[in-house]
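Chemist: Sending over a structure as structure tokens; questions will come in a sec.
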Amino acid sequence: MNSLGIALSLAGRNLLLMRRIPSVVVPSLVFPIFVVIAFSGAYSALTRLPGFPVDKMIDWILPMAVVQSSAFGGVNVGLSLVRDLQGGFFDRLLLAPVSRASLVAGPILGAVVRAFVPLAVVLATGLAAGARPRGGPAGLLMLLVAAEGVAVIAAGWGVGLALRLRDQRAAPLMQVGIFLTVFLSTAQVPLAVMSGWLRTVATLNPMTSILALGRQGFIGPVSWAQTWPGLVALAGGIAVLGTFAVRGLAVAEQ
């Protein structure tokens with residue numbers, strides 16, 4: 001098989017786990033839905049602050065929850081790889097005369113497809129609860145781009161850690177990395193109402209630009225000024241963590 005065929009086969013194998021082991025999918029659905037419901041109610045008064053860009057908190061929280069759910073979907077690919085490493089399946093792949101890049105590309109491609117499930121479910125829940133995309137189809141497209149891009153980044157993070165640690169020690173690091181990246185950004189409030197060290201960290205955090213890319217359609221019309229920084233952040237994250245994942249193969253082969 002060529003490299004593309006191998007990558008597609010590994011992606012398909014990864015997708016089978018969604019049916020065989022539902023426990024790898026359920027958390028990436030339940031927690032973001034809980035965030036949408038709980039945060040939209042508990043933090044509803046924040047919309048009264050001067051400079052808050054939406055009238056309903058759910059319009060601010062929903063895009064973040066969608067992106068977060070896609071990130072969990074990407075991380076789950078790393079958890080699946082840990083099982084393959086412990087069971088010896090991945091070691092057999094390393095002995096085969098196949099492209100090493102395809103061994104990483106397969107799981108990451110699986111993450112892209114898997115991310116559609118939590119994205120659709122969480123988004124549908126938020127829309128049913130009253131969220132309204134003011135930017136129309138273009139706004140939803142930007143949210144899709146942000147969510148899928150984050151799924152690729154999270155998959156690179158998860159795969160890279162799995163290849164280096166090769167056991168369940170990798171799981172907490174995968175999840176903590178996602179939580180810190182998301183919640184040390186504009187996950188809950190915009191920069192305009194932040195202060196102190198959190199504002200500094202959120203300003204430097206690339207996730208802030210990615211969330212702005214995905215949120216813009218729920219705040220107003222889509223604009224290039226809100227789009228290009230998010231695209232740059234996604235491209236940078238994919239390049240860095242994609243390299244992190246590929247270089248993990250050298251560690252796995254030792």
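Every chain in the structure tokens takes a letter, A first, then B, and so on in the order presented; its residues are numbered from 1, and the ligands are numbered from 1 following the presented order.
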Report as a list in words all protein, DNA and RNA residues lying within 10 Å of A:Val77, evaluated on only C-alpha atoms, omitting residues in the same chain fewer than 5 positions from it.
Modeler: Ala11, Asn14, Leu15, Leu17, Val24, Phe72, Val82, Gly106, Pro107, Ile108, Leu109, Gly110, Ala111, Val112, Arg114, Ala151, Ala154, Ala155, Gly156, Trp157, Gly158, Val159 and Ala162 of chain A
Chemist: Which residues are near A:Asp55? Cut-off 10 Å, only C-alpha atoms, ignore same chain within fewer than 4 positions. Put them as an MDAnalysis selection string.
Modeler: chainID A and resid 44:48 59:60 219
Chemist: Please identify all polymer residues within 10 Å of A:Leu143, counting only C-alpha atoms, omitting same-chain residues fewer than 2 positions from it, and present them as a PyMOL selection string.
Modeler: chain A and resi 63-64+66-67+119+123+137-141+145-149+210-218
Chemist: So how far away is atom CA of A:Phe116 from atom CA of A:Ser40, in Å?
Modeler: 22.9 Å
Chemist: Check the smallest atom-to-atom distance from each of A:Ala120, A:Ala96, A:Val182, A:Leu163 to A:Arg83 using only C-alpha atoms, then report the winner.
Modeler: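 Looking only at the distances to A:Arg83, the closest residue turns out to be A:Leu163.
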Chemist: For atom CA of A:Ala38 and atom CA of A:Met207, determine how far apart the two atoms are, in Å to one decimal place.
Modeler: 21.7 Å
Chemist: Would you mind reading off the distance between atom CA of A:Leu93 and atom CA of A:Ser9, one decimal, in Å?
Modeler: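 Interatomic distance here is 12.2 Å.
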Chemist: I'd like the neighbourhood of A:Pro32 as a list in words, where a residue qualifies if any of its atoms comes within 9 Å (using only C-alpha atoms), though same-chain residues fewer than 6 positions away should be ignored.
Modeler: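 Using only C-alpha atoms, the neighbours found are Leu62, Met64, Ala65, Val66, Gln68, Ser69, Pro118 and Val122 of chain A.
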Chemist: What does the file look like for those residues with N, CA and C atoms, as a CSV table (one decimal), in the first residue's frame?
Modeler:
```csv
chain,number,residue,atom,x,y,z
A,62,LEU,N,-20.7,28.8,23.9
A,62,LEU,CA,-20.9,27.7,22.9
A,62,LEU,C,-19.7,27.5,22.0
A,64,MET,N,-16.6,28.1,22.4
A,64,MET,CA,-15.5,27.6,23.2
A,64,MET,C,-15.7,26.1,23.5
A,65,ALA,N,-16.9,25.7,23.9
A,65,ALA,CA,-17.2,24.4,24.2
A,65,ALA,C,-17.1,23.5,22.9
A,66,VAL,N,-17.5,24.0,21.8
A,66,VAL,CA,-17.3,23.2,20.5
A,66,VAL,C,-15.9,23.0,20.2
A,68,GLN,N,-13.4,23.0,22.4
A,68,GLN,CA,-12.9,22.1,23.4
A,68,GLN,C,-13.3,20.7,23.2
A,69,SER,N,-14.5,20.4,22.7
A,69,SER,CA,-14.9,19.1,22.4
A,69,SER,C,-14.1,18.5,21.3
A,118,PRO,N,-18.5,15.2,18.2
A,118,PRO,CA,-18.8,16.1,19.3
A,118,PRO,C,-19.1,17.5,18.8
A,122,VAL,N,-22.5,19.0,20.2
A,122,VAL,CA,-22.4,20.2,21.1
A,122,VAL,C,-23.0,21.4,20.5
```
Chemist: Using backbone DSSP assignments, extract all alpha helix (DSSP H) residues from stretch 73-218 of chain A; output them as number ranges by chain.
Modeler: A: 73-87, 89-95, 100-114, 116-128, 136-165, 170-183, 196-204, 206-218
Chemist: Give me a file of those residues, with C-alpha atoms, as a tab-separated table (two decimals), in the first residue's frame.
Modeler:
```tsv
chain	number	residue	atom	x	y	z
A	73	GLY	CA	-11.57	14.15	20.23
A	74	GLY	CA	-7.99	14.78	19.12
A	75	VAL	CA	-6.58	13.76	22.49
A	76	ASN	CA	-8.59	10.53	22.38
A	77	VAL	CA	-6.55	9.53	19.34
A	78	GLY	CA	-3.46	9.66	21.55
A	79	LEU	CA	-5.18	7.50	24.16
A	80	SER	CA	-6.04	4.95	21.47
A	81	LEU	CA	-2.41	4.93	20.37
A	82	VAL	CA	-1.33	4.18	23.94
A	83	ARG	CA	-3.47	1.03	23.82
A	84	ASP	CA	-1.87	0.03	20.51
A	85	LEU	CA	1.58	0.56	21.97
A	86	GLN	CA	0.86	-1.48	25.07
A	87	GLY	CA	-0.73	-4.27	23.03
A	89	PHE	CA	0.22	-3.55	17.51
A	90	PHE	CA	2.14	-0.34	16.85
A	91	ASP	CA	5.49	-2.08	17.31
A	92	ARG	CA	4.53	-4.44	14.48
A	93	LEU	CA	3.77	-1.42	12.30
A	94	LEU	CA	7.22	-0.05	13.03
A	95	LEU	CA	8.75	-3.28	11.71
A	100	ARG	CA	6.84	6.53	9.00
A	101	ALA	CA	4.91	9.72	8.32
A	102	SER	CA	1.81	7.68	7.45
A	103	LEU	CA	1.88	6.06	10.91
A	104	VAL	CA	1.35	9.49	12.40
A	105	ALA	CA	-0.88	10.88	9.67
A	106	GLY	CA	-3.38	8.01	10.05
A	107	PRO	CA	-4.37	8.69	13.67
A	108	ILE	CA	-4.42	12.46	13.07
A	109	LEU	CA	-6.70	11.99	10.05
A	110	GLY	CA	-8.91	9.86	12.27
A	111	ALA	CA	-9.07	12.76	14.75
A	112	VAL	CA	-10.30	15.08	12.00
A	113	VAL	CA	-13.22	12.75	11.24
A	114	ARG	CA	-13.93	11.95	14.90
A	116	PHE	CA	-17.29	16.00	13.60
A	117	VAL	CA	-19.29	13.98	16.14
A	118	PRO	CA	-18.77	16.14	19.25
A	119	LEU	CA	-18.82	19.25	17.08
A	120	ALA	CA	-22.27	18.40	15.71
A	121	VAL	CA	-23.72	17.25	19.02
A	122	VAL	CA	-22.43	20.16	21.14
A	123	LEU	CA	-23.33	22.73	18.49
A	124	ALA	CA	-26.84	21.31	18.12
A	125	THR	CA	-27.29	21.39	21.91
A	126	GLY	CA	-26.22	25.03	22.08
A	127	LEU	CA	-28.45	26.11	19.21
A	128	ALA	CA	-31.39	24.33	20.83
A	136	GLY	CA	-24.89	33.06	9.35
A	137	PRO	CA	-23.32	30.18	7.40
A	138	ALA	CA	-19.97	31.98	7.21
A	139	GLY	CA	-19.86	32.14	11.00
A	140	LEU	CA	-20.57	28.43	11.31
A	141	LEU	CA	-17.87	27.73	8.72
A	142	MET	CA	-15.33	29.66	10.81
A	143	LEU	CA	-16.31	27.65	13.87
A	144	LEU	CA	-15.83	24.44	11.86
A	145	VAL	CA	-12.36	25.57	10.75
A	146	ALA	CA	-11.37	26.45	14.32
A	147	ALA	CA	-12.70	23.18	15.74
A	148	GLU	CA	-11.10	20.93	13.12
A	149	GLY	CA	-7.81	22.79	13.34
A	150	VAL	CA	-7.73	22.35	17.11
A	151	ALA	CA	-8.55	18.65	16.66
A	152	VAL	CA	-5.42	18.27	14.52
A	153	ILE	CA	-3.31	20.19	17.04
A	154	ALA	CA	-4.62	18.15	19.97
A	155	ALA	CA	-4.04	14.92	18.03
A	156	GLY	CA	-0.43	15.93	17.40
A	157	TRP	CA	-0.02	16.63	21.11
A	158	GLY	CA	-1.62	13.33	22.10
A	159	VAL	CA	0.25	11.21	19.56
A	160	GLY	CA	3.57	12.82	20.44
A	161	LEU	CA	3.11	12.14	24.15
A	162	ALA	CA	1.89	8.58	23.54
A	163	LEU	CA	4.94	7.72	21.46
A	164	ARG	CA	7.30	9.11	24.08
A	165	LEU	CA	5.70	7.72	27.25
A	170	ALA	CA	0.50	10.10	29.02
A	171	ALA	CA	-3.27	10.46	29.59
A	172	PRO	CA	-3.20	13.09	32.38
A	173	LEU	CA	-0.61	15.17	30.51
A	174	MET	CA	-2.74	15.11	27.36
A	175	GLN	CA	-5.83	16.30	29.19
A	176	VAL	CA	-4.10	18.87	31.41
A	177	GLY	CA	-2.43	20.39	28.37
A	178	ILE	CA	-5.81	20.92	26.71
A	179	PHE	CA	-7.43	22.35	29.86
A	180	LEU	CA	-4.61	24.83	30.49
A	181	THR	CA	-4.49	25.98	26.89
A	182	VAL	CA	-8.25	26.56	26.70
A	183	PHE	CA	-8.94	28.07	30.11
A	196	GLY	CA	-3.54	41.12	35.93
A	197	TRP	CA	-1.46	38.10	34.92
A	198	LEU	CA	-4.40	36.25	33.37
A	199	ARG	CA	-4.84	38.99	30.78
A	200	THR	CA	-1.14	38.83	29.91
A	201	VAL	CA	-1.22	35.05	29.51
A	202	ALA	CA	-4.47	35.14	27.51
A	203	THR	CA	-3.03	37.78	25.19
A	204	LEU	CA	0.00	35.60	24.43
A	206	PRO	CA	-2.62	31.35	20.57
A	207	MET	CA	-5.92	29.80	21.69
A	208	THR	CA	-7.27	33.32	22.15
A	209	SER	CA	-6.91	33.99	18.42
A	210	ILE	CA	-8.37	30.57	17.56
A	211	LEU	CA	-11.41	31.20	19.77
A	212	ALA	CA	-11.86	34.63	18.18
A	213	LEU	CA	-11.86	32.92	14.78
A	214	GLY	CA	-14.56	30.47	15.87
A	215	ARG	CA	-16.61	32.98	17.88
A	216	GLN	CA	-16.85	35.83	15.44
A	217	GLY	CA	-19.99	34.48	13.79
A	218	PHE	CA	-21.78	34.42	17.17
```
Chemist: Measuring between only C-alpha atoms, which one of A:Ala250, A:Leu29, A:Leu49, A:Leu4 shows the shortest distance to A:Val189?
Modeler: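 Once distances to A:Val189 are computed over only C-alpha atoms, the minimum belongs to A:Leu49.
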